[in-house]
$ cat final_0.cif   # mmCIF, C-alpha atoms
data_my_file
#
loop_
_atom_site.label_atom_id
_atom_site.label_comp_id
_atom_site.auth_asym_id
_atom_site.auth_seq_id
_atom_site.Cartn_x
_atom_site.Cartn_y
_atom_site.Cartn_z
CA MET A 1 0.00 0.00 0.00
CA SER A 2 1.75 3.20 -1.15
CA ALA A 3 1.16 6.67 0.22
CA PRO A 4 -0.34 9.20 -2.23
CA ALA A 5 2.06 11.87 -3.49
CA THR A 6 0.21 14.62 -1.68
CA THR A 7 -1.72 13.64 1.42
CA LYS A 8 -5.04 15.32 2.04
CA PRO A 9 -4.93 17.76 4.94
CA ARG A 10 -5.55 16.12 8.30
CA PRO A 11 -8.26 17.30 10.70
CA ASN A 12 -6.91 19.67 13.34
CA THR A 13 -7.79 17.39 16.25
CA LEU A 14 -5.85 17.12 19.48
CA THR A 15 -4.65 13.67 18.43
CA GLU A 16 -3.43 14.87 15.05
CA ARG A 17 -1.61 17.82 16.61
CA TYR A 18 0.06 15.41 19.02
CA VAL A 19 1.07 12.98 16.27
CA GLN A 20 2.54 15.78 14.16
CA ALA A 21 4.37 17.21 17.16
CA THR A 22 5.95 13.82 17.77
CA VAL A 23 6.92 12.76 14.26
CA ARG A 24 8.50 16.13 13.58
CA HIS A 25 11.39 14.85 15.72
CA VAL A 26 11.53 11.42 14.11
CA PRO A 27 13.82 10.76 11.10
CA GLN A 28 12.14 11.58 7.81
CA ALA A 29 12.11 8.00 6.53
CA GLN A 30 10.22 6.68 9.52
CA ARG A 31 7.68 9.46 9.83
CA PRO A 32 4.74 8.03 7.86
CA ASP A 33 4.90 4.67 9.60
CA VAL A 34 5.34 6.08 13.11
CA ALA A 35 2.49 8.52 12.49
CA ARG A 36 0.13 5.76 11.33
CA GLU A 37 1.00 3.50 14.21
CA LEU A 38 0.74 6.25 16.78
CA ARG A 39 -2.67 7.32 15.47
CA ALA A 40 -3.90 3.75 15.70
CA SER A 41 -2.53 3.28 19.23
CA ILE A 42 -4.04 6.51 20.45
CA ALA A 43 -7.38 5.54 18.92
CA ASP A 44 -7.19 2.21 20.78
CA MET A 45 -6.41 3.96 24.06
CA VAL A 46 -9.31 6.40 23.58
CA GLU A 47 -11.70 3.58 22.65
CA ALA A 48 -10.80 1.66 25.80
CA ARG A 49 -11.34 4.69 28.01
CA ALA A 50 -14.62 5.62 26.29
CA GLY A 51 -15.75 2.05 26.75
CA ALA A 52 -15.12 2.47 30.46
CA GLY A 53 -17.44 5.48 30.55
CA GLN A 54 -15.32 8.54 29.82
CA SER A 55 -16.49 11.18 27.33
CA PRO A 56 -14.54 11.05 24.02
CA GLY A 57 -13.00 14.46 24.66
CA ASP A 58 -11.77 13.53 28.12
CA ALA A 59 -10.61 10.13 26.91
CA GLU A 60 -8.55 11.72 24.13
CA ARG A 61 -7.05 14.22 26.54
CA ASP A 62 -6.18 11.58 29.13
CA ALA A 63 -4.63 9.28 26.56
CA LEU A 64 -2.37 12.03 25.24
CA THR A 65 -1.46 13.09 28.77
CA GLU A 66 -0.46 9.52 29.51
CA LEU A 67 1.78 9.46 26.43
CA GLY A 68 3.49 12.63 27.62
CA ASP A 69 5.76 15.22 26.00
CA PRO A 70 5.93 14.50 22.24
CA GLU A 71 9.63 15.32 22.05
CA ARG A 72 10.38 12.96 24.86
CA LEU A 73 8.32 10.24 23.16
CA ALA A 74 10.18 10.86 19.90
CA ALA A 75 13.50 10.48 21.72
CA THR A 76 12.35 7.15 23.15
CA TYR A 77 11.40 6.05 19.62
CA ALA A 78 14.92 6.90 18.50
CA GLY A 79 16.48 5.21 21.53
CA ARG A 80 18.28 8.44 22.31
CA ASP A 81 19.09 9.71 25.81
CA LEU A 82 18.11 13.34 26.24
CA VAL A 83 21.49 14.54 27.47
CA LEU A 84 24.06 17.10 26.30
CA ILE A 85 27.22 15.29 27.34
CA GLY A 86 26.69 11.72 28.55
CA PRO A 87 28.45 9.80 31.31
CA ARG A 88 30.95 8.21 28.93
CA LEU A 89 32.27 11.56 27.75
CA PHE A 90 31.69 13.66 30.84
CA LEU A 91 35.02 13.22 32.64
CA GLU A 92 37.05 13.79 29.47
CA TRP A 93 35.12 17.00 28.87
CA TRP A 94 35.45 18.21 32.45
CA ARG A 95 39.19 17.51 32.68
CA LEU A 96 39.97 19.13 29.34
CA LEU A 97 37.95 22.15 30.36
CA LYS A 98 39.79 22.49 33.69
CA LEU A 99 43.15 22.16 31.97
CA LEU A 100 42.44 24.80 29.34
CA LEU A 101 40.84 27.20 31.81
CA ALA A 102 43.82 26.90 34.12
CA ILE A 103 46.39 27.69 31.42
CA VAL A 104 45.01 29.87 28.66
CA PRO A 105 43.47 32.80 30.59
CA ALA A 106 46.64 33.11 32.68
CA ILE A 107 48.81 33.29 29.55
CA LEU A 108 46.47 35.86 28.06
CA VAL A 109 46.68 38.00 31.20
CA VAL A 110 50.48 38.05 30.99
CA ILE A 111 50.39 38.94 27.29
CA THR A 112 47.82 41.67 27.86
CA VAL A 113 49.81 43.18 30.70
CA ILE A 114 53.03 43.18 28.68
CA GLY A 115 51.21 44.67 25.72
CA GLY A 116 49.61 47.31 27.88
CA VAL A 117 52.91 48.29 29.43
CA ALA A 118 54.53 48.51 26.00
CA ASP A 119 51.68 50.68 24.76
CA ASP A 120 51.97 52.94 27.76
CA HIS A 121 48.49 52.40 29.16
CA SER A 122 47.46 53.34 32.67
CA ALA A 123 47.44 50.72 35.40
CA GLY A 124 43.67 50.85 35.58
CA LYS A 125 43.30 50.24 31.86
CA ILE A 126 45.80 47.38 31.94
CA VAL A 127 43.96 45.67 34.76
CA GLY A 128 40.63 46.22 33.04
CA ASP A 129 41.93 44.90 29.74
CA ALA A 130 43.54 41.88 31.39
CA VAL A 131 40.42 40.95 33.33
CA GLY A 132 38.27 41.49 30.25
CA ALA A 133 40.56 39.38 28.07
CA ALA A 134 40.74 36.58 30.64
CA TRP A 135 36.98 36.52 31.09
CA ASN A 136 36.36 36.61 27.35
CA VAL A 137 38.71 33.75 26.54
CA ALA A 138 37.40 31.70 29.47
CA ILE A 139 33.83 32.01 28.21
CA ASN A 140 34.90 31.10 24.69
CA ILE A 141 36.87 28.07 25.85
CA ALA A 142 33.94 26.83 27.92
CA PHE A 143 31.52 27.28 25.04
CA TRP A 144 33.56 25.74 22.22
CA VAL A 145 34.84 22.77 24.20
CA THR A 146 31.30 22.02 25.37
CA LEU A 147 29.92 22.40 21.87
CA VAL A 148 32.45 20.01 20.35
CA PHE A 149 31.78 17.38 23.00
CA ALA A 150 28.02 17.80 22.68
CA MET A 151 28.27 17.28 18.94
CA ILE A 152 30.39 14.18 19.38
CA GLU A 153 27.83 12.85 21.86
CA ARG A 154 24.99 13.52 19.44
CA PHE A 155 26.42 12.62 16.06
CA ALA A 156 29.42 10.33 16.45
CA PRO A 157 28.71 7.37 18.74
CA ASP A 158 31.69 5.40 17.44
CA GLU A 159 34.09 8.17 18.34
CA VAL A 160 32.54 8.26 21.80
CA ASP A 161 33.56 4.67 22.38
CA GLU A 162 37.08 5.41 21.22
CA ILE A 163 37.47 8.41 23.50
CA SER A 164 35.91 6.85 26.56
CA SER A 165 37.30 3.34 26.24
CA LYS A 166 40.82 4.20 27.35
CA GLU A 167 41.17 2.01 30.41
CA TRP A 168 42.13 3.67 33.65
CA THR A 169 45.17 2.13 35.36
CA PRO A 170 46.60 2.83 38.81
CA ASP A 171 49.54 4.57 37.06
CA GLU A 172 47.29 7.58 36.67
CA LEU A 173 46.91 8.13 40.40
CA PRO A 174 48.49 11.25 41.90
CA GLU A 175 51.93 10.62 43.37
CA SER A 176 51.03 11.39 46.97
CA ALA A 177 48.32 9.90 49.17
CA ASP A 178 48.66 12.71 51.70
CA PRO A 179 46.49 15.67 50.76
CA ARG A 180 48.66 18.09 52.78
CA GLY A 181 52.14 16.82 52.02
CA GLY A 182 51.35 16.50 48.35
CA ILE A 183 51.62 19.38 45.91
CA SER A 184 48.18 20.57 44.96
CA PHE A 185 47.28 22.12 41.65
CA GLY A 186 45.77 25.16 43.33
CA GLU A 187 48.88 25.82 45.33
CA THR A 188 51.10 25.58 42.25
CA ALA A 189 48.80 27.77 40.17
CA ALA A 190 48.73 30.40 42.93
CA SER A 191 52.53 30.40 43.21
CA ILE A 192 52.99 30.74 39.48
CA GLY A 193 50.41 33.51 39.37
CA PHE A 194 52.19 35.37 42.14
CA LEU A 195 55.56 34.97 40.44
CA ALA A 196 54.08 36.28 37.20
CA VAL A 197 52.84 39.37 39.01
CA VAL A 198 56.26 39.96 40.59
CA ILE A 199 57.99 39.55 37.24
CA ALA A 200 55.54 42.01 35.70
CA PHE A 201 56.28 44.47 38.51
CA PHE A 202 59.82 45.16 37.32
CA PRO A 203 59.06 46.41 33.80
CA TRP A 204 55.92 48.13 35.05
CA GLN A 205 57.66 50.35 37.57
CA GLU A 206 60.24 51.29 34.96
CA TRP A 207 58.21 52.00 31.85
CA ARG A 208 54.92 53.06 33.31
CA PRO A 209 56.03 54.25 36.69
CA PRO A 210 53.69 55.50 39.38
CA SER A 211 53.21 59.22 39.60
CA ILE A 212 54.87 60.47 42.80
CA GLY A 213 54.52 64.14 43.65
CA GLY A 214 53.29 64.82 40.15
CA VAL A 215 56.37 63.32 38.51
CA GLU A 216 56.55 59.83 37.10
CA THR A 217 59.28 58.19 39.11
CA PRO A 218 60.55 54.65 38.77
CA LEU A 219 60.79 52.98 42.16
CA LEU A 220 63.98 51.08 41.55
CA ASN A 221 67.42 52.28 40.54
CA THR A 222 67.46 52.38 36.75
CA ASP A 223 71.16 51.44 36.67
CA LEU A 224 70.11 48.02 37.92
CA TRP A 225 68.80 47.20 34.48
CA SER A 226 72.35 46.67 33.30
CA PHE A 227 72.63 43.42 35.23
CA TRP A 228 70.78 42.88 38.48
CA LEU A 229 67.18 43.26 37.40
CA PRO A 230 67.54 40.92 34.42
CA PHE A 231 69.23 38.53 36.84
CA LEU A 232 66.37 38.73 39.34
CA ILE A 233 63.80 38.27 36.59
CA ALA A 234 65.74 35.22 35.36
CA VAL A 235 65.69 33.76 38.89
CA LEU A 236 61.94 34.26 39.07
CA VAL A 237 61.45 32.60 35.68
CA ILE A 238 63.55 29.67 36.91
CA GLU A 239 61.33 29.59 39.96
CA ILE A 240 58.25 29.22 37.76
CA GLY A 241 59.96 26.27 36.08
CA TYR A 242 60.72 24.90 39.53
CA GLU A 243 57.05 25.13 40.53
CA LEU A 244 56.07 23.15 37.43
CA VAL A 245 58.66 20.46 38.15
CA LYS A 246 57.53 20.32 41.77
CA TYR A 247 53.92 19.85 40.66
CA ARG A 248 54.92 17.11 38.25
CA ILE A 249 56.77 15.23 40.98
CA GLY A 250 53.80 15.66 43.26
CA ARG A 251 55.44 15.58 46.64
CA TRP A 252 58.33 17.16 48.49
CA THR A 253 61.74 15.55 48.07
CA PRO A 254 65.10 16.56 49.57
CA GLY A 255 66.18 17.58 46.06
CA LEU A 256 63.21 19.94 45.68
CA LEU A 257 63.88 21.41 49.07
CA ALA A 258 67.53 22.04 48.24
CA ALA A 259 66.57 23.64 44.91
CA LYS A 260 64.09 25.86 46.70
CA ALA A 261 66.80 27.01 49.11
CA VAL A 262 69.15 27.87 46.25
CA ILE A 263 66.49 29.78 44.30
CA ASN A 264 65.28 31.72 47.32
CA LEU A 265 68.83 32.71 48.25
CA ALA A 266 69.64 33.60 44.65
CA PHE A 267 66.82 36.10 44.81
CA ALA A 268 67.10 37.30 48.39
CA ILE A 269 70.85 37.84 48.69
CA PRO A 270 71.21 40.32 45.82
CA VAL A 271 68.06 42.20 46.87
CA VAL A 272 69.14 42.51 50.48
CA TRP A 273 72.71 43.48 49.58
CA LEU A 274 71.51 46.13 47.10
CA LEU A 275 69.02 47.48 49.61
CA LEU A 276 71.60 47.81 52.37
CA ALA A 277 74.11 49.37 49.98
CA GLY A 278 71.48 51.91 49.04
CA ASP A 279 71.65 50.88 45.41
CA PHE A 280 68.27 49.24 45.09
CA LEU A 281 65.86 52.12 45.19
CA ASN A 282 65.76 54.98 42.73
CA PRO A 283 67.96 57.82 44.05
CA GLY A 284 65.41 60.22 42.57
CA LEU A 285 62.89 59.11 45.19
CA THR A 286 64.37 61.45 47.80
CA ASP A 287 63.44 64.45 45.68
CA ALA A 288 60.13 63.07 44.48
CA LEU A 289 58.95 62.12 47.97
CA ASP A 290 60.53 65.19 49.51
CA ALA A 291 62.04 62.98 52.19
CA SER A 292 65.44 62.91 53.78
CA GLN A 293 68.09 60.44 52.80
CA SER A 294 68.04 58.83 56.26
CA THR A 295 64.31 58.11 55.92
CA ILE A 296 64.95 56.40 52.61
CA ASP A 297 67.83 54.44 54.13
CA THR A 298 65.72 53.29 57.05
CA SER A 299 62.98 52.17 54.72
CA ALA A 300 65.50 50.22 52.70
CA SER A 301 66.80 48.49 55.82
CA ILE A 302 63.31 47.60 56.96
CA THR A 303 62.55 46.22 53.51
CA ALA A 304 65.72 44.14 53.65
CA VAL A 305 64.70 42.67 56.98
CA VAL A 306 61.25 41.86 55.60
CA VAL A 307 62.79 40.14 52.58
CA ILE A 308 65.02 38.03 54.85
CA ALA A 309 62.06 37.14 57.07
CA ILE A 310 59.90 36.11 54.13
CA THR A 311 62.68 34.01 52.64
CA ILE A 312 63.24 32.19 55.92
CA TRP A 313 59.52 31.67 56.47
CA ASP A 314 58.99 30.40 52.93
CA PHE A 315 61.77 27.87 53.31
CA ALA A 316 60.65 26.78 56.78
CA ASP A 317 57.11 26.24 55.51
CA ALA A 318 58.37 24.05 52.68
CA ALA A 319 60.66 22.10 55.02
CA TRP A 320 57.81 21.50 57.44
CA LYS A 321 55.58 20.17 54.64
CA ALA A 322 58.40 17.96 53.41
CA ARG A 323 58.91 16.58 56.89
CA GLN A 324 55.16 15.87 57.17
CA SER A 325 54.99 13.89 53.96
CA GLN A 326 57.99 11.84 55.09
CA THR A 327 56.62 10.97 58.49
CA LEU A 328 53.41 9.84 56.88
CA ALA A 329 55.10 7.79 54.17
CA MET B 330 8.58 0.68 57.28
CA VAL B 331 10.17 0.99 53.86
CA ASP B 332 10.04 4.39 52.18
CA PRO B 333 7.53 3.99 49.30
CA ASP B 334 9.66 6.02 46.90
CA LEU B 335 12.71 3.92 47.66
CA LEU B 336 10.70 0.76 47.15
CA ARG B 337 9.34 2.06 43.86
CA THR B 338 12.82 2.94 42.59
CA HIS B 339 14.22 -0.48 43.34
CA ARG B 340 11.17 -2.33 41.99
CA GLN B 341 11.49 -0.38 38.74
CA GLU B 342 15.18 -1.30 38.53
CA LEU B 343 14.34 -4.92 39.11
CA ARG B 344 11.59 -5.04 36.51
CA ARG B 345 13.41 -2.96 33.95
CA GLY B 346 14.46 -5.76 31.64
CA THR B 347 11.42 -8.00 32.06
CA VAL B 348 9.16 -6.12 29.64
CA VAL B 349 11.36 -7.14 26.70
CA VAL B 350 11.15 -10.84 27.58
CA ALA B 351 7.44 -10.63 28.31
CA SER B 352 6.76 -8.90 24.99
CA LEU B 353 8.78 -11.44 23.01
CA VAL B 354 6.95 -14.28 24.69
CA ALA B 355 3.49 -12.71 24.33
CA LEU B 356 4.09 -11.89 20.66
CA ARG B 357 4.60 -15.50 19.69
CA GLU B 358 0.99 -14.91 18.79
CA PRO B 359 0.67 -11.78 16.59
CA GLY B 360 -0.39 -8.72 18.55
CA TYR B 361 -0.59 -4.94 18.22
CA GLY B 362 0.55 -2.10 20.49
CA TYR B 363 -2.45 -1.46 22.68
CA GLY B 364 -3.53 -5.09 22.76
CA LEU B 365 -0.12 -6.12 24.06
CA LEU B 366 -0.27 -3.34 26.65
CA GLU B 367 -3.53 -4.78 28.00
CA THR B 368 -2.26 -8.36 27.92
CA LEU B 369 0.90 -7.50 29.82
CA ALA B 370 -1.03 -5.43 32.34
CA ALA B 371 -3.45 -8.29 32.93
CA GLN B 372 -0.54 -10.62 33.62
CA GLY B 373 1.02 -8.22 36.09
CA PHE B 374 3.72 -6.61 33.92
CA GLU B 375 3.58 -2.90 34.61
CA VAL B 376 4.60 -0.92 31.56
CA ASP B 377 3.73 2.56 30.30
CA ALA B 378 2.31 3.14 26.82
CA ASN B 379 5.08 5.63 26.05
CA THR B 380 7.65 2.95 26.88
CA LEU B 381 6.04 -0.01 25.11
CA TYR B 382 5.24 1.51 21.71
CA PRO B 383 8.80 2.71 21.05
CA LEU B 384 10.13 -0.54 22.49
CA LEU B 385 8.24 -2.58 19.87
CA ARG B 386 9.78 -0.50 17.08
CA ARG B 387 13.26 -0.91 18.51
CA LEU B 388 12.84 -4.65 18.90
CA GLU B 389 11.76 -4.75 15.27
CA GLU B 390 14.88 -2.79 14.29
CA GLN B 391 16.94 -5.37 16.17
CA GLY B 392 15.31 -8.14 14.15
CA LEU B 393 13.55 -9.71 17.13
CA LEU B 394 10.08 -8.87 15.86
CA THR B 395 8.49 -8.71 12.43
CA SER B 396 5.58 -6.42 11.63
CA GLU B 397 2.71 -6.23 9.19
CA TRP B 398 -0.04 -3.72 8.68
CA ASP B 399 -3.51 -5.24 8.92
CA THR B 400 -5.97 -3.11 6.96
CA SER B 401 -8.87 -5.59 7.17
CA GLY B 402 -10.41 -4.30 10.40
CA PRO B 403 -12.30 -1.05 11.14
CA ARG B 404 -9.01 0.73 11.58
CA PRO B 405 -5.55 -0.21 10.21
CA ARG B 406 -3.33 -1.76 12.86
CA LYS B 407 0.33 -2.67 12.88
CA PHE B 408 0.72 -6.24 14.07
CA TYR B 409 3.97 -7.51 15.53
CA ARG B 410 5.14 -11.07 15.78
CA THR B 411 8.20 -12.62 17.36
CA SER B 412 10.80 -13.61 14.76
CA PRO B 413 12.83 -16.84 15.02
CA GLU B 414 15.79 -14.86 16.41
CA GLY B 415 13.40 -13.20 18.84
CA SER B 416 12.12 -16.58 19.94
CA GLU B 417 15.65 -17.87 20.54
CA LEU B 418 16.53 -14.75 22.50
CA ALA B 419 13.35 -15.07 24.57
CA ALA B 420 14.17 -18.69 25.40
CA ALA B 421 17.67 -17.70 26.51
CA LEU B 422 16.36 -14.87 28.66
CA LEU B 423 13.69 -17.08 30.21
CA ALA B 424 16.38 -19.60 31.11
CA GLU B 425 18.27 -16.70 32.70
CA ILE B 426 15.24 -15.80 34.79
CA THR B 427 14.80 -19.40 35.93
CA SER B 428 18.44 -19.70 36.93
CA LEU B 429 18.23 -16.41 38.81
CA SER B 430 15.16 -17.72 40.60
CA SER B 431 17.02 -20.85 41.71
CA ALA B 432 20.04 -18.78 42.70
CA PHE B 433 17.86 -16.66 44.95
CA ALA B 434 16.23 -19.76 46.39
CA ARG B 435 19.65 -21.14 47.28
CA LEU B 436 20.75 -17.80 48.70
CA THR B 437 17.73 -17.31 50.90
CA GLY B 438 17.77 -20.99 51.83
CA GLU B 439 21.37 -20.74 52.97
CA GLU B 440 20.68 -17.51 54.84
CA ALA B 441 17.76 -19.08 56.67
CA SER B 442 19.66 -22.12 57.90
CA PRO B 443 21.40 -21.64 61.29
#

$ encode --input "final_0.cif" --output "structure tokens"
Amino acid sequence: MSAPATTKPRPNTLTERYVQATVRHVPQAQRPDVARELRASIADMVEARAGAGQSPGDAERDALTELGDPERLAATYAGRDLVLIGPRLFLEWWRLLKLLLAIVPAILVVITVIGGVADDHSAGKIVGDAVGAAWNVAINIAFWVTLVFAMIERFAPDEVDEISSKEWTPDELPESADPRGGISFGETAASIGFLAVVIAFFPWQEWRPPSIGGVETPLLNTDLWSFWLPFLIAVLVIEIGYELVKYRIGRWTPGLLAAKAVINLAFAIPVVWLLLAGDFLNPGLTDALDASQSTIDTSASITAVVVIAITIWDFADAAWKARQSQTLA
Amino acid sequence: MVDPDLLRTHRQELRRGTVVVASLVALREPGYGYGLLETLAAQGFEVDANTLYPLLRRLEEQGLLTSEWDTSGPRPRKFYRTSPEGSELAAALLAEITSLSSAFARLTGEEASP
């Protein structure tokens, strides 16, 4: 029995509206058959209810209510789960998202800040631009990653099995069982973020210096750029590399502790020595701040003491954590 | 006193696969959507219309049922019938149910003994 080329228009009954609403979401090839069968089944359901005493109108209404949302019914016909990203793909999606969101916005912030400094923007504009750029890229990453995974879930079931079938082995466990002695991602990210800010501080105070007493005055001695400031920046960059290595290893080792000591001293000793020799701060500050030389010298000494204290505290904290993870091993 | 919602959840889980077997067995004699729904309900298999109708189509896609439109009656109806593969599958699943039944009997029997 073949369908006529143009079907005559169907009556605008509740049943027909329901059937059309359902088959709209069914693949084209199956539509005529599903529609016919559904009409017949609904008619049977209505007949049974009418036979039990309900009015035809109520019976029709109840039958359709029992069948439920047409889109949901259509999905059941197709054997499809109504889900954006299913359980098989979810963890891969979530982990990729976390990874990209941890790395890319941070890189963009650094680039924006450097660009802003080079273009001579104000601190407020740089911060605004950096935050805006980070937010923008984060939203885009979240959207596009989710979209790709959703499309894989919907249209490429074979690929889903490939992606999700990688067997988990115990090799993928984090190195340390101790949540405190181990190196957490958050802690590493925070350290790297802080180091990035400190690195950015040096060019910032030189090329877009704060305005003191109406005159733009760099905070640090500009002669230092010939050697010491590049050296300090290099030490900080090495420290970022150190943080990444430390995270990769996952727990404190004597080697990491020793490296930390060397790096901290490599930074602290020059800074303290320059401060005490009076060579660290910009000599022009005395005029700009309208302060006496002795005030500047005292400030330098206090700063030196603070630097020493922080260095000692930082190392002690690391040593204590290292000791903890050893006693619990 | 068991929480009724909890009981309902677990009962549904338990019965989830049984509708397929029941349908394959019932359709050894040709039947149509609503008729099967009534038959199953009468025998104590709880199943919703919006679950059963799509299920019959999917079982047909899997080759476990064959279908035929019957235009002889007052209204055209799509009749399903269990295919030979469907019959084999039903037999295997029924054997599974029987062996589960015995397994439970042994389990509860062993639990009951001191």

$ interface_residues --input "final_0.cif" --of "chain B" --to "chain A" --cutoff "8 Å" --atoms "only C-alpha atoms" --output "list in words"
Gly362, Tyr363, Ala378, Asn379, Thr380, Tyr382, Pro383, Leu384, Arg386, Arg387, Arg404, Pro405, Arg406 and Lys407 of chain B

$ resolve_selection --input "final_0.cif" --expression "the PyMOL selection byres ((chain A and resi 152) around 12)" --output "list in words"
Leu84, Ile85, Gly86, Arg88, Leu89, Phe90, Trp93, Val145, Thr146, Leu147, Val148, Phe149, Ala150, Met151, Glu153, Arg154, Phe155, Ala156, Pro157, Asp158, Glu159, Val160, Asp161, Glu162, Ile163 and Ser164 of chain A

$ closest_residue --input "final_0.cif" --among "B:Leu335, B:Ala351, B:Leu343, B:Leu388" --to "Leu422 in chain B" --atoms "all atoms listed in the file"
B:Ala351

$ resolve_selection --input "final_0.cif" --expression "the PyMOL selection byres ((chain B and resi 415) around 8)" --output "JSON, numbers by chain"
{"B": [353, 392, 393, 394, 411, 412, 413, 414, 416, 417, 418, 419]}

$ closest_residue --input "final_0.cif" --among "A:Val83, A:Leu244, A:Ala259, A:Val117" --to "Gly193 in chain A" --atoms "all atoms listed in the file"
A:Leu244

$ atom_distance --input "final_0.cif" --atom1 "CA of Tyr247 in chain A" --atom2 "CA of Glu187 in chain A"
9.1 Å

$ residues_around --input "final_0.cif" --residues "Pro359 in chain B" --least-positions-apart "5" --cutoff "9 Å" --atoms "all atoms listed in the file" --output "MDAnalysis selection string"
chainID B and resid 396 408:411

$ closest_residue --input "final_0.cif" --among "B:Phe374, B:Thr400, B:Gln391, B:Met330" --to "Gly346 in chain B" --atoms "all atoms listed in the file"
B:Phe374

$ atom_distance --input "final_0.cif" --atom1 "CA of Val306 in chain A" --atom2 "CA of Val271 in chain A"
11.1 Å

$ residues_around --input "final_0.cif" --residues "Val113 in chain A" --least-positions-apart "6" --cutoff "8 Å" --atoms "all atoms listed in the file" --output "PyMOL selection string"
chain A and resi 126-127+130+200
